[in-house]
Each structure stands twice: as C-alpha cells, then as structure tokens.
Amino acid sequence: MRSRYSAYALGGYGEYLLKTWFPPMASGMTATELSKRTQQWLSLEIIGSGSKGADGWVEFKATSQVNSVNSVMHERSIFSLIGGRWLYIGGEVTFNS
C-alpha cells in the first residue's frame with residue numbers, strides 16, 4: 001500500500017502501478033495516464049490492515065492538495081495474493097474537503 005501511495009505521490013511510476021493492479025480491474029488504464037501527477041500528495045495515514053489467506057485489506061487516509069485546497073481521501077482497499085504478489089483489486093472511497 002505504501003509503495004502504491006509513493007508511486008502516485010512521486011509521479012512517473014505508471015508501469016509500477018499497473019503491475020500492482022489486478023489486471024481485469026485495470027482495463028483501459030495506461031502507464032502514461034497513471035504516471036501523471038495531477039495533485040500534490042501531502043500525507044498517508046494507515047488506519048488498519050489485515051489478511052486472511054489470499055485476501056487482504058488496508059484502510060487509510062491520504063491527504064492531497066489541488067489549487068491550494070486540501071482534500072482527504074479515505075479508502076478501504078482490497079488486495080489479493082496472486083502468484084506470490086499482493087495485487088490491488090479496488091476499494092471503497094470517500095472524499096472530504
């Protein structure tokens with residue numbers, strides 16, 4: 001999870017993000033689009049995480065800034081262990097400004 005946040009925060013890591021995404025859920029996404037930095041990420045707070053077998057989750061809050069306005073993204077991400085790697089499946093996301 002932290003590595004995916006870092007990839008978004010730094011920008012330019014679209015290939016990495018695609019490799020950590022469950023392929024059917026990343027349909028239509030491109031490394032070029034995922035590499036763009038459209039906002040400044042300010043912080044990441046991990047609220048909780050867990051796993052059972054090949055299923056895992058991470059709940060977090062990530063604060064970003066666009067045009068001097070801060071926003072908090074709260075997500076409970078779902079991951080699956082496939083081929084020895086944890087892949088991002090998706091998540092429930094809410095935003096607060």
# chains A, B, ... in the order shown; residues from 1 in each chain; ligands from 1
call {"tool": "closest_atom_pairs", "arguments": {"of": "segment 28-80 of chain A", "to": "segment 14-23 of chain A", "cutoff": "9 Å", "atoms": "only C-alpha atoms", "output": "tab-separated table"}}
result
residue	atom	partner	partner_atom	distance
A:Met29	CA	A:Leu18	CA	7.9
A:Thr30	CA	A:Gly14	CA	7.3
A:Ala31	CA	A:Gly14	CA	4.0
A:Thr32	CA	A:Gly14	CA	6.1
A:Glu33	CA	A:Gly14	CA	7.1
A:Leu34	CA	A:Gly14	CA	4.5
A:Ser35	CA	A:Gly14	CA	4.2
A:Lys36	CA	A:Gly14	CA	7.9
A:Phe79	CA	A:Phe22	CA	8.4
A:Ser80	CA	A:Phe22	CA	8.1
call {"tool": "select_by_dssp", "arguments": {"residues": "segment 1-58 of chain A", "states": "helix (DSSP H, G or I)", "output": "list in words"}}
result
Arg2, Ser3, Arg4, Tyr5, Ser6, Ala7, Tyr8, Ala9, Leu10, Gly14, Glu15, Tyr16, Leu17, Leu18, Lys19, Pro23, Pro24, Met25, Ala26, Ala31, Thr32, Glu33, Leu34 and Ser35 of chain A
call {"tool": "residues_around", "arguments": {"residues": "Ile82 of chain A", "least_positions_apart": "5", "cutoff": "10 Å", "atoms": "only C-alpha atoms", "output": "PyMOL selection string"}}
result
chain A and resi 22+54-55+87
call {"tool": "write_last_selection", "arguments": {"atoms": "C-alpha atoms", "output": "PDB file, in the first residue's frame"}}
result
ATOM      1  CA  PHE A  22      -5.264  -6.930 -10.642  1.00  0.00           C
ATOM      2  CA  ALA A  54      -5.043 -14.789  -0.055  1.00  0.00           C
ATOM      3  CA  ASP A  55      -7.391 -11.895   0.795  1.00  0.00           C
ATOM      4  CA  LEU A  87      -2.470  -7.063  -6.220  1.00  0.00           C
TER       5      LEU A  87
END
call {"tool": "select_by_dssp", "arguments": {"residues": "chain A", "states": "strand (DSSP E)", "output": "PyMOL selection string"}}
result
chain A and resi 40-52+55-66+69-82+85-96
call {"tool": "atom_distance", "arguments": {"atom1": "atom CA of His74 of chain A", "atom2": "atom CA of Gly28 of chain A"}}
result
24.1 Å
call {"tool": "closest_residue", "arguments": {"among": "A:Ser27, A:Trp41, A:Met73, A:Gln65", "to": "Ser6 of chain A", "atoms": "only C-alpha atoms"}}
result
A:Trp41
